[in-house]
>>> print(open('target11.txt').read())   # compact mmCIF, C-alpha atoms
# COMPACT_ATOMS: atom_id res chain seq x y z
CA MET C 137 107.19 118.62 122.26
CA SER C 138 107.90 115.92 119.68
CA ASP C 139 105.36 113.27 118.79
CA PRO C 140 105.67 110.19 121.04
CA VAL C 141 105.63 107.89 118.00
CA ARG C 142 107.93 108.72 115.12
CA LEU C 143 109.70 107.33 112.04
CA GLN C 144 112.63 109.52 111.16
CA GLU C 145 115.94 109.53 109.31
CA ALA C 146 117.68 111.68 111.89
CA ASP C 147 119.23 110.28 115.05
CA PHE C 148 117.32 110.75 118.30
CA SER C 149 118.34 111.72 121.80
CA GLN C 150 117.51 109.21 124.51
CA ASP C 151 117.72 111.98 127.10
CA GLU C 152 115.17 114.10 125.25
CA GLU C 153 112.80 111.16 124.84
CA ILE C 154 113.04 110.30 128.53
CA ARG C 155 112.56 113.94 129.53
CA ALA C 156 109.44 114.11 127.36
CA LEU C 157 108.15 110.89 128.91
CA GLN C 158 108.78 112.17 132.43
CA ALA C 159 107.08 115.46 131.63
CA SER C 160 103.82 113.63 130.95
CA SER C 161 103.24 112.67 134.60
CA LYS C 162 104.74 113.17 138.05
CA ARG C 163 103.21 109.88 139.19
CA MET C 164 105.81 108.02 137.15
CA GLY C 165 107.96 105.90 139.43
CA GLY C 166 109.57 103.61 136.87
CA ILE C 167 110.81 104.09 133.34
CA ALA C 168 112.11 101.19 131.24
CA THR C 169 113.86 101.77 127.94
CA PHE C 170 115.08 99.68 125.04
CA LEU C 171 117.69 100.94 122.59
CA GLY C 172 118.30 98.94 119.42
CA CYS C 173 121.63 99.62 117.70
CA ALA C 174 123.22 98.72 114.38
CA ARG C 175 125.83 95.97 114.61
CA ASP C 176 128.91 96.10 112.39
CA PHE C 177 129.17 92.31 112.26
CA SER C 178 126.44 89.80 111.44
CA GLU C 179 126.27 86.18 110.29
CA GLY C 180 130.08 86.07 110.10
CA ARG C 181 130.37 89.15 107.89
CA GLU C 182 131.40 92.74 108.46
CA VAL C 183 128.49 95.09 107.96
CA SER C 184 129.33 98.55 106.70
CA GLU C 185 125.82 99.99 106.71
CA ILE C 186 122.23 99.04 107.32
CA SER C 187 119.47 100.52 105.21
CA PHE C 188 115.80 100.46 106.08
CA ASP C 189 112.73 100.31 103.95
CA ALA C 190 109.31 100.94 105.45
CA TYR C 191 105.68 101.17 104.47
CA GLY C 192 105.67 104.53 106.21
CA ILE C 193 101.98 105.26 106.65
CA MET C 194 101.16 101.74 107.84
CA ALA C 195 104.29 101.50 110.02
CA LEU C 196 103.41 104.71 111.83
CA SER C 197 99.82 103.60 112.27
CA GLU C 198 100.92 100.23 113.70
CA MET C 199 103.41 101.92 116.04
CA ASN C 200 100.67 104.22 117.33
CA THR C 201 98.35 101.25 117.86
CA LEU C 202 101.17 99.41 119.63
CA ARG C 203 101.73 102.33 121.99
CA SER C 204 98.01 102.62 122.77
CA GLU C 205 97.74 98.88 123.37
CA ALA C 206 100.77 98.91 125.68
CA ILE C 207 99.36 101.81 127.70
CA GLU C 208 96.07 99.97 128.09
CA LYS C 209 97.49 96.46 128.66
CA PHE C 210 100.13 97.42 131.23
CA GLY C 211 98.49 100.49 132.75
CA LEU C 212 101.32 102.75 131.64
CA LEU C 213 101.28 106.46 132.25
CA ASP C 214 102.98 107.08 128.90
CA ALA C 215 105.15 105.42 126.25
CA ARG C 216 107.31 106.50 123.34
CA ILE C 217 108.51 104.66 120.21
CA VAL C 218 111.01 106.13 117.75
CA HIS C 219 112.40 104.16 114.79
CA ARG C 220 114.95 105.39 112.29
CA ILE C 221 114.70 104.81 108.55
CA GLY C 222 117.18 105.56 105.78
CA THR C 223 120.76 104.35 106.25
CA VAL C 224 122.75 103.91 109.46
CA LYS C 225 126.28 102.77 110.26
CA GLY C 226 127.57 100.26 112.81
CA GLY C 227 127.02 101.54 116.34
CA ASP C 228 124.29 103.97 115.32
CA ASN C 229 120.92 104.06 117.03
CA ILE C 230 118.03 102.32 115.29
CA VAL C 231 115.07 102.17 117.64
CA PHE C 232 114.17 103.58 121.04
CA ILE C 233 111.28 102.49 123.19
CA ALA C 234 110.40 103.91 126.57
CA ALA C 235 107.63 102.88 128.95
CA GLY C 236 106.69 104.87 132.04
CA ALA C 237 104.54 103.50 134.83
CA GLU C 238 103.91 104.05 138.53
CA HIS C 239 106.12 101.05 139.33
CA ARG C 240 108.99 99.23 137.64
CA ALA C 241 107.34 95.89 136.85
CA PRO C 242 104.76 97.12 134.31
CA ALA C 243 107.33 99.48 132.78
CA LEU C 244 109.82 96.64 132.22
CA GLU C 245 107.20 94.21 130.94
CA ALA C 246 105.67 96.78 128.59
CA CYS C 247 109.04 97.75 127.16
CA ARG C 248 109.87 94.12 126.34
CA TRP C 249 106.39 93.58 124.92
CA MET C 250 106.56 96.64 122.67
CA ILE C 251 109.88 95.76 121.02
CA ASP C 252 108.79 92.15 120.51
CA GLU C 253 105.49 93.25 118.98
CA LEU C 254 107.16 95.93 116.86
CA LYS C 255 109.37 93.29 115.25
CA GLN C 256 106.35 91.20 114.33
CA ARG C 257 103.80 93.85 113.40
CA VAL C 258 105.48 96.94 112.00
CA PRO C 259 106.26 96.92 108.26
CA ILE C 260 109.93 97.83 108.30
CA TRP C 261 112.70 95.87 106.56
CA LYS C 262 116.41 95.95 107.24
CA LYS C 263 119.12 95.38 104.63
CA GLU C 264 122.73 94.77 105.62
CA ILE C 265 125.29 96.27 103.28
CA THR C 266 128.55 94.34 103.38
CA PRO C 267 131.74 94.25 101.29
CA GLN C 268 130.48 90.89 99.96
CA GLY C 269 127.13 92.33 98.87
CA ASP C 270 123.78 93.34 100.28
CA SER C 271 121.25 91.09 101.95
CA TRP C 272 117.87 91.56 103.56
CA VAL C 273 117.83 90.51 107.16
CA THR C 274 115.86 87.45 108.15
CA PRO C 275 113.74 88.20 111.21
CA HIS C 276 115.29 87.19 114.53
CA PRO C 277 113.09 85.64 117.22
CA MET U 152 92.69 101.43 89.17
CA ILE U 153 94.15 99.41 92.00
CA LYS U 154 97.44 100.72 93.34
CA VAL U 155 99.91 97.97 94.24
CA LEU U 156 102.95 98.60 96.43
CA PHE U 157 106.05 96.50 97.04
CA PHE U 158 108.60 96.99 99.78
CA GLY U 159 111.98 95.67 100.90
CA PRO U 160 112.92 92.21 99.61
CA VAL U 161 109.69 91.88 97.62
CA ALA U 162 110.38 95.16 95.80
CA ASP U 163 113.89 93.95 94.98
CA ARG U 164 112.54 90.79 93.41
CA VAL U 165 109.77 92.55 91.50
CA GLN U 166 112.27 95.26 90.55
CA MET U 167 109.74 98.01 91.15
CA ARG U 168 108.04 99.65 94.11
CA GLU U 169 104.67 100.36 92.62
CA THR U 170 102.38 99.26 89.84
CA GLN U 171 98.71 99.48 88.94
CA VAL U 172 96.12 96.89 88.10
CA GLU U 173 92.98 97.77 86.22
CA PHE U 174 89.92 97.63 88.44
CA THR U 175 86.91 95.60 87.43
CA PRO U 176 83.77 95.51 89.58
CA GLY U 177 83.65 92.44 91.82
CA MET U 178 87.35 91.64 91.52
CA THR U 179 88.94 89.99 94.52
CA LEU U 180 92.32 90.19 96.17
CA HIS U 181 92.90 86.60 95.06
CA GLU U 182 92.63 87.64 91.41
CA VAL U 183 95.30 90.29 91.86
CA ILE U 184 97.56 87.78 93.62
CA VAL U 185 97.13 85.25 90.79
CA HIS U 186 97.70 87.90 88.14
CA LEU U 187 100.85 89.42 89.67
CA GLY U 188 102.08 86.16 91.16
CA ALA U 189 102.26 84.61 87.69
CA GLN U 190 104.47 87.48 86.53
CA HIS U 191 106.69 87.52 89.62
CA PRO U 192 106.72 84.03 91.17
CA SER U 193 109.99 84.56 93.03
CA ALA U 194 108.74 87.73 94.71
CA PHE U 195 105.39 86.28 95.66
CA GLY U 196 107.17 83.26 97.14
CA ILE U 197 108.36 85.46 100.01
CA VAL U 198 105.16 87.43 100.56
CA SER U 199 104.07 86.83 104.15
CA PHE U 200 101.75 89.78 104.71
CA ILE U 201 99.22 91.57 102.56
CA ALA U 202 97.63 94.89 103.44
CA VAL U 203 94.69 96.57 101.77
CA ASN U 204 94.44 100.29 102.48
CA GLN U 205 97.14 99.96 105.18
CA THR U 206 95.32 97.23 107.08
CA GLN U 207 96.60 93.67 107.13
CA VAL U 208 94.17 91.23 105.54
CA HIS U 209 93.94 87.44 105.61
CA ASP U 210 90.84 86.88 103.49
CA LYS U 211 92.01 86.53 99.91
CA GLN U 212 88.42 86.53 98.70
CA LEU U 213 88.13 90.14 99.84
CA VAL U 214 86.26 92.15 97.21
CA LEU U 215 88.26 95.17 96.12
CA HIS U 216 87.08 98.67 95.39
CA ASP U 217 88.32 101.13 92.83
CA ASN U 218 91.38 103.08 94.08
CA ASP U 219 92.20 100.51 96.77
CA GLU U 220 95.87 100.26 97.75
CA ILE U 221 97.38 96.80 98.15
CA ALA U 222 100.81 96.15 99.66
CA PHE U 223 102.65 92.84 99.31
CA MET U 224 105.21 92.40 102.07
CA ALA U 225 107.86 89.93 103.25
CA LYS U 226 108.37 89.16 106.95
CA PHE U 227 109.22 92.30 108.84
CA SER U 228 112.72 92.85 110.19
CA GLY U 229 112.66 96.24 111.85
CA GLY U 230 113.89 97.04 115.32
>>> encode(input="target11.txt", output="structure tokens")
Amino acid sequence: MSDPVRLQEADFSQDEEIRALQASSKRMGGIATFLGCARDFSEGREVSEISFDAYGIMALSEMNTLRSEAIEKFGLLDARIVHRIGTVKGGDNIVFIAAGAEHRAPALEACRWMIDELKQRVPIWKKEITPQGDSWVTPHP
Amino acid sequence: MIKVLFFGPVADRVQMRETQVEFTPGMTLHEVIVHLGAQHPSAFGIVSFIAVNQTQVHDKQLVLHDNDEIAFMAKFSGG
């Protein structure tokens, strides 16, 4: 079974991630997921590709800490975080987060919390490649 | 030696991803910032996070050790 926290260039399968999450416990009554995708339009410009840079070893460590904190804070049964690096095109998957709990409320809250925290704590940077030139993305709230 | 890493927009402005600074006993993170910041003021203007050995640090008076790894990073924009 794949690691529940990963940085990878390849695309991921939401179905496989959810199956792996479900396989961790039969007490799981609610699973919440977040899928972040690449937009092909941003700040009034067409975006042809998005490339990612990451401080890999620290990013992975922070993502693992984030998962552990979420499990503890929300009483989750399990959680998974997968983030792509390299270059993606409009419509491609970027990040997938899944939280599994006995009931829906902690799963939903944990999922929201993990993506918000990931954006603030995980050293990954996104560059939009457009016909007018490239630009690093300013963090969105 | 101290290994210094740059990523994303900071690396673009410094025009390199890695450099080294000679280690001297007792040297602080602040000294490295002053030294490199003078050479790359534009890049250091967007540094929002600093990590030493993959852990974010806030204390610029932190005393460094030989073979430490410092990363200078702009605001994150993953996800």
>>> interface_residues(input="target11.txt", of="chain C", to="chain U", cutoff="8 Å", atoms="all atoms listed in the file", output="PyMOL selection string")
chain C and resi 172+188-191+193-194+219+230-231+251+254-262+272-276
>>> residues_around(input="target11.txt", residues="Thr223 (chain C)", least_positions_apart="3", cutoff="10 Å", atoms="only C-alpha atoms", output="ChimeraX atom specification")
/C:145-146,185-189,220,228,230,262-265
>>> atom_distance(input="target11.txt", atom1="CA of Leu212 (chain C)", atom2="CA of Gly236 (chain C)")
5.8 Å
>>> residues_near_point(input="target11.txt", point="(90.1, 96.9, 97.7)", cutoff="12 Å", atoms="all atoms listed in the file", output="VMD selection string")
chain U and resid 152 to 155 172 to 183 201 to 208 210 to 222
>>> residues_around(input="target11.txt", residues="Ile217 (chain C)", least_positions_apart="6", cutoff="7 Å", atoms="all atoms listed in the file", output="mmCIF file with C-alpha atoms, in the frame of the given file")
data_model
loop_
_atom_site.group_PDB
_atom_site.id
_atom_site.type_symbol
_atom_site.label_atom_id
_atom_site.label_comp_id
_atom_site.auth_asym_id
_atom_site.auth_seq_id
_atom_site.Cartn_x
_atom_site.Cartn_y
_atom_site.Cartn_z
ATOM 1 C CA PRO C 140 105.670 110.190 121.040
ATOM 2 C CA VAL C 141 105.630 107.890 118.000
ATOM 3 C CA ARG C 142 107.930 108.720 115.120
ATOM 4 C CA PHE C 232 114.170 103.580 121.040
ATOM 5 C CA ILE C 233 111.280 102.490 123.190
ATOM 6 C CA ALA C 234 110.400 103.910 126.570
#
>>> atom_distance(input="target11.txt", atom1="CA of Ile221 (chain C)", atom2="CA of Ala237 (chain C)")
28.2 Å
>>> atom_distance(input="target11.txt", atom1="CA of Val185 (chain U)", atom2="CA of Ser271 (chain C)")
27.2 Å
>>> closest_residue(input="target11.txt", among="C:Asn200, C:Ala168, C:Asp270, C:Val218", to="Cys247 (chain C)", atoms="all atoms listed in the file")
C:Ala168
>>> closest_residue(input="target11.txt", among="C:Ile207, C:Ala174, C:Met164, C:Arg216", to="Glu152 (chain C)", atoms="all atoms listed in the file")
C:Arg216
>>> closest_residue(input="target11.txt", among="U:Ile184, U:Phe223, U:His209, U:Pro192", to="Val161 (chain U)", atoms="only C-alpha atoms")
U:Phe223
>>> axis_aligned_box(input="target11.txt", around="region 185-193 of chain U", padding_each_side="3 Å", output="AutoDock Vina command-line options")
--center_x 103.6 --center_y 86.7 --center_z 89.8 --size_x 18.9 --size_y 11.4 --size_z 12.5
>>> residues_around(input="target11.txt", residues="Ser160 (chain C)", least_positions_apart="6", cutoff="10 Å", atoms="all atoms listed in the file", output="VMD selection string")
chain C and resid 213 to 215 236
>>> build_atoms(input="target11.txt", residues="region 146-158 of chain C", atoms="N, CA and C atoms", output="compact mmCIF listing (two decimals), keeping the file's coordinate frame")
# COMPACT_ATOMS: atom_id res chain seq x y z
N ALA C 146 116.71 111.09 110.96
CA ALA C 146 117.68 111.68 111.89
C ALA C 146 117.84 110.82 113.15
N ASP C 147 119.01 110.94 113.77
CA ASP C 147 119.23 110.28 115.05
C ASP C 147 118.30 110.91 116.11
N PHE C 148 118.15 110.22 117.21
CA PHE C 148 117.32 110.75 118.30
C PHE C 148 118.16 110.83 119.57
N SER C 149 117.66 111.59 120.50
CA SER C 149 118.34 111.72 121.80
C SER C 149 117.55 110.94 122.84
N GLN C 150 118.20 109.96 123.45
CA GLN C 150 117.51 109.21 124.51
C GLN C 150 117.12 110.14 125.66
N ASP C 151 118.00 111.06 125.99
CA ASP C 151 117.72 111.98 127.10
C ASP C 151 116.47 112.80 126.82
N GLU C 152 116.36 113.29 125.58
CA GLU C 152 115.17 114.10 125.25
C GLU C 152 113.90 113.27 125.29
N GLU C 153 114.00 112.03 124.83
CA GLU C 153 112.80 111.16 124.84
C GLU C 153 112.39 110.87 126.29
N ILE C 154 113.37 110.61 127.13
CA ILE C 154 113.04 110.30 128.53
C ILE C 154 112.48 111.53 129.24
N ARG C 155 113.08 112.69 128.93
CA ARG C 155 112.56 113.94 129.53
C ARG C 155 111.11 114.16 129.11
N ALA C 156 110.81 113.91 127.84
CA ALA C 156 109.44 114.11 127.36
C ALA C 156 108.49 113.12 128.04
N LEU C 157 108.98 111.91 128.24
CA LEU C 157 108.15 110.89 128.91
C LEU C 157 107.87 111.33 130.35
N GLN C 158 108.93 111.75 131.03
CA GLN C 158 108.78 112.17 132.43
C GLN C 158 107.86 113.37 132.57
